[in-house]
Amino acid sequence: MKKVAILLAMLLMSFTLFAAEDEVLGDASGNDLQPIVRGINLSVFGGVVTMLGNGGGDNSQLFGSVYGFAVGYDHVFNKVGLGFDLAASKMLVDTKPYDQGGDDNSPWIEDFSPFIVGLDVNCTYLITERLQLGLNVGFDYYLDMEVLDKDAKGSDLDPKTVENTMAAGGGLVLEYYTYSRFFSIGVIADFNYFLGIDAMAATVTPFMKYTF
């Protein structure tokens, strides 16, 4: 009886080791690999931006692009995630010239092209093992907001730099963790309000992230 018990114990141990080895090796297709959902990450992003309502006086047809990179940290625990991202980006926007109905008192007339640094905080939830949806809140500081101004007659004035300003806003973030484990892709759609200028902008920015 003792020998039978020892034999069963040895068989059980062998099956356990085999299962553990199989778990380490995983499926040859890689589809069973667990995505990395926490840690330091680097991301690049780029998208479109448009001014809303009467933002910028009569220059309400602002449309352009924004692109940049971010360094952050994400932590997902029991499907709930919290992330912090420090981003640097550049915004390029063409505005309505004065002779097309632009407002001479607008903070931007023809060219709105600031360098931006900002902090984003997101709270998310893993809908599936790889798909994550959540809220994003951001605070941005705009540097070197150079504009090409015009006088009351529509004549060009020398380029000038508008005083630095801040913006705050929020929206939705959707992220998908790919089967390569370290990479994820997603998109952020949000609204930002320019403090002190009374202007609102909407942005849609797809991104790609690498988590260490």
# chains A, B, ... in the order shown; residues from 1 in each chain; ligands from 1
call {"tool": "residues_around", "arguments": {"residues": "Tyr193 of chain A", "least_positions_apart": "5", "cutoff": "9 Å", "atoms": "only C-alpha atoms", "output": "list in words"}}
result
Met166, Ala167, Ala168, Gly169, Asp198, Ala199, Met200, Ala201 and Ala202 of chain A
call {"tool": "write_last_selection", "arguments": {"atoms": "N, CA, C and O atoms", "output": "mmCIF file, in the first residue's frame"}}
result
data_model
loop_
_atom_site.group_PDB
_atom_site.id
_atom_site.type_symbol
_atom_site.label_atom_id
_atom_site.label_comp_id
_atom_site.auth_asym_id
_atom_site.auth_seq_id
_atom_site.Cartn_x
_atom_site.Cartn_y
_atom_site.Cartn_z
ATOM 1 N N MET A 166 -3.140 77.842 -20.338
ATOM 2 C CA MET A 166 -3.374 76.466 -19.918
ATOM 3 C C MET A 166 -4.716 75.981 -20.445
ATOM 4 O O MET A 166 -5.586 76.779 -20.795
ATOM 5 N N ALA A 167 -4.845 74.684 -20.496
ATOM 6 C CA ALA A 167 -6.108 74.070 -20.902
ATOM 7 C C ALA A 167 -6.353 72.846 -20.037
ATOM 8 O O ALA A 167 -5.415 72.189 -19.575
ATOM 9 N N ALA A 168 -7.617 72.551 -19.822
ATOM 10 C CA ALA A 168 -8.008 71.379 -19.040
ATOM 11 C C ALA A 168 -9.189 70.722 -19.730
ATOM 12 O O ALA A 168 -10.004 71.396 -20.357
ATOM 13 N N GLY A 169 -9.274 69.412 -19.617
ATOM 14 C CA GLY A 169 -10.383 68.716 -20.262
ATOM 15 C C GLY A 169 -10.402 67.244 -19.938
ATOM 16 O O GLY A 169 -9.678 66.764 -19.067
ATOM 17 N N ASP A 198 -11.408 81.455 -23.227
ATOM 18 C CA ASP A 198 -12.806 81.087 -23.473
ATOM 19 C C ASP A 198 -12.964 80.405 -24.826
ATOM 20 O O ASP A 198 -13.772 80.799 -25.665
ATOM 21 N N ALA A 199 -12.155 79.367 -25.046
ATOM 22 C CA ALA A 199 -12.213 78.603 -26.290
ATOM 23 C C ALA A 199 -12.229 77.114 -25.956
ATOM 24 O O ALA A 199 -11.642 76.677 -24.973
ATOM 25 N N MET A 200 -12.913 76.361 -26.792
ATOM 26 C CA MET A 200 -13.038 74.915 -26.593
ATOM 27 C C MET A 200 -12.532 74.188 -27.830
ATOM 28 O O MET A 200 -12.784 74.603 -28.963
ATOM 29 N N ALA A 201 -11.811 73.085 -27.596
ATOM 30 C CA ALA A 201 -11.290 72.274 -28.698
ATOM 31 C C ALA A 201 -11.630 70.809 -28.466
ATOM 32 O O ALA A 201 -11.771 70.353 -27.328
ATOM 33 N N ALA A 202 -11.759 70.072 -29.556
ATOM 34 C CA ALA A 202 -11.980 68.630 -29.502
ATOM 35 C C ALA A 202 -10.839 67.945 -30.247
ATOM 36 O O ALA A 202 -10.423 68.401 -31.314
#
call {"tool": "atom_distance", "arguments": {"atom1": "atom CA of Val37 of chain A", "atom2": "atom CA of Val137 of chain A"}}
result
19.5 Å
call {"tool": "residues_around", "arguments": {"residues": "Leu172 of chain A", "least_positions_apart": "5", "cutoff": "7 Å", "atoms": "only C-alpha atoms", "output": "ChimeraX atom specification"}}
result
/A:134-136,188-190
call {"tool": "atom_distance", "arguments": {"atom1": "atom CA of Phe183 of chain A", "atom2": "atom CA of Tyr141 of chain A"}}
result
28.3 Å
call {"tool": "select_by_dssp", "arguments": {"residues": "segment 59-93 of chain A", "states": "strand (DSSP E or B)", "output": "list of chain:residue names"}}
result
A:Phe63, A:Gly64, A:Ser65, A:Val66, A:Tyr67, A:Gly68, A:Phe69, A:Ala70, A:Val71, A:Gly72, A:Tyr73, A:Asp74, A:His75, A:Val76, A:Phe77, A:Val80, A:Gly81, A:Leu82, A:Gly83, A:Phe84, A:Asp85, A:Leu86, A:Ala87, A:Ala88, A:Ser89, A:Lys90, A:Met91, A:Leu92, A:Val93
call {"tool": "write_last_selection", "arguments": {"atoms": "N, CA, C and O atoms", "output": "short mmCIF file (atom, residue, chain, number, x, y, z; two decimals), in the first residue's frame"}}
result
data_model
loop_
_atom_site.label_atom_id
_atom_site.label_comp_id
_atom_site.auth_asym_id
_atom_site.auth_seq_id
_atom_site.Cartn_x
_atom_site.Cartn_y
_atom_site.Cartn_z
N PHE A 63 -9.03 74.03 -37.68
CA PHE A 63 -8.88 72.59 -37.86
C PHE A 63 -7.40 72.29 -38.07
O PHE A 63 -6.73 73.01 -38.81
N GLY A 64 -6.90 71.26 -37.44
CA GLY A 64 -5.49 70.95 -37.60
C GLY A 64 -5.12 69.59 -37.04
O GLY A 64 -5.97 68.70 -36.91
N SER A 65 -3.85 69.45 -36.68
CA SER A 65 -3.33 68.17 -36.21
C SER A 65 -2.53 68.36 -34.93
O SER A 65 -2.07 69.47 -34.62
N VAL A 66 -2.37 67.28 -34.19
CA VAL A 66 -1.56 67.28 -32.99
C VAL A 66 -0.82 65.95 -32.93
O VAL A 66 -1.37 64.90 -33.27
N TYR A 67 0.45 66.01 -32.54
CA TYR A 67 1.25 64.79 -32.46
C TYR A 67 2.29 64.95 -31.35
O TYR A 67 2.65 66.08 -30.98
N GLY A 68 2.76 63.83 -30.82
CA GLY A 68 3.75 63.90 -29.76
C GLY A 68 4.06 62.54 -29.18
O GLY A 68 3.76 61.50 -29.77
N PHE A 69 4.66 62.54 -27.99
CA PHE A 69 5.01 61.30 -27.30
C PHE A 69 4.76 61.49 -25.80
O PHE A 69 4.63 62.61 -25.31
N ALA A 70 4.70 60.37 -25.09
CA ALA A 70 4.42 60.43 -23.66
C ALA A 70 5.18 59.33 -22.92
O ALA A 70 5.45 58.26 -23.48
N VAL A 71 5.51 59.61 -21.68
CA VAL A 71 6.09 58.64 -20.76
C VAL A 71 5.11 58.48 -19.62
O VAL A 71 4.61 59.48 -19.08
N GLY A 72 4.80 57.25 -19.24
CA GLY A 72 3.78 57.07 -18.21
C GLY A 72 3.96 55.81 -17.40
O GLY A 72 4.92 55.05 -17.56
N TYR A 73 3.00 55.61 -16.53
CA TYR A 73 2.96 54.40 -15.69
C TYR A 73 1.51 53.97 -15.55
O TYR A 73 0.64 54.78 -15.22
N ASP A 74 1.25 52.70 -15.82
CA ASP A 74 -0.09 52.12 -15.69
C ASP A 74 -0.07 51.01 -14.65
O ASP A 74 0.90 50.26 -14.53
N HIS A 75 -1.16 50.89 -13.93
CA HIS A 75 -1.30 49.80 -12.97
C HIS A 75 -2.74 49.29 -13.03
O HIS A 75 -3.69 50.05 -12.77
N VAL A 76 -2.89 48.03 -13.41
CA VAL A 76 -4.22 47.40 -13.48
C VAL A 76 -4.30 46.33 -12.40
O VAL A 76 -3.45 45.44 -12.32
N PHE A 77 -5.31 46.44 -11.54
CA PHE A 77 -5.51 45.48 -10.46
C PHE A 77 -6.98 45.09 -10.43
O PHE A 77 -7.85 45.95 -10.32
N VAL A 80 -9.38 46.88 -12.83
CA VAL A 80 -9.48 48.33 -12.74
C VAL A 80 -8.09 48.93 -12.85
O VAL A 80 -7.17 48.51 -12.15
N GLY A 81 -7.94 49.89 -13.74
CA GLY A 81 -6.63 50.46 -13.99
C GLY A 81 -6.56 51.94 -13.69
O GLY A 81 -7.55 52.68 -13.79
N LEU A 82 -5.36 52.39 -13.33
CA LEU A 82 -5.09 53.80 -13.10
C LEU A 82 -3.77 54.13 -13.78
O LEU A 82 -2.77 53.42 -13.59
N GLY A 83 -3.75 55.17 -14.59
CA GLY A 83 -2.56 55.50 -15.33
C GLY A 83 -2.21 56.97 -15.27
O GLY A 83 -3.10 57.83 -15.11
N PHE A 84 -0.91 57.26 -15.38
CA PHE A 84 -0.41 58.63 -15.40
C PHE A 84 0.52 58.77 -16.60
O PHE A 84 1.39 57.93 -16.81
N ASP A 85 0.36 59.85 -17.36
CA ASP A 85 1.18 60.08 -18.55
C ASP A 85 1.65 61.52 -18.58
O ASP A 85 0.84 62.45 -18.44
N LEU A 86 2.95 61.71 -18.78
CA LEU A 86 3.53 63.03 -18.98
C LEU A 86 3.83 63.16 -20.46
O LEU A 86 4.67 62.43 -21.00
N ALA A 87 3.14 64.07 -21.14
CA ALA A 87 3.19 64.13 -22.60
C ALA A 87 3.79 65.45 -23.08
O ALA A 87 3.66 66.49 -22.43
N ALA A 88 4.46 65.37 -24.22
CA ALA A 88 4.95 66.55 -24.93
C ALA A 88 4.45 66.44 -26.36
O ALA A 88 4.60 65.40 -27.00
N SER A 89 3.85 67.51 -26.87
CA SER A 89 3.24 67.43 -28.19
C SER A 89 3.33 68.77 -28.90
O SER A 89 3.67 69.80 -28.32
N LYS A 90 2.98 68.74 -30.17
CA LYS A 90 2.98 69.94 -31.01
C LYS A 90 1.64 70.01 -31.72
O LYS A 90 1.17 69.00 -32.27
N MET A 91 1.01 71.18 -31.70
CA MET A 91 -0.28 71.38 -32.36
C MET A 91 -0.10 72.29 -33.56
O MET A 91 0.55 73.34 -33.48
N LEU A 92 -0.66 71.89 -34.68
CA LEU A 92 -0.61 72.68 -35.91
C LEU A 92 -2.03 72.96 -36.36
O LEU A 92 -2.76 72.04 -36.70
N VAL A 93 -2.42 74.24 -36.39
CA VAL A 93 -3.79 74.60 -36.75
C VAL A 93 -3.77 75.76 -37.74
O VAL A 93 -3.08 76.77 -37.52
#
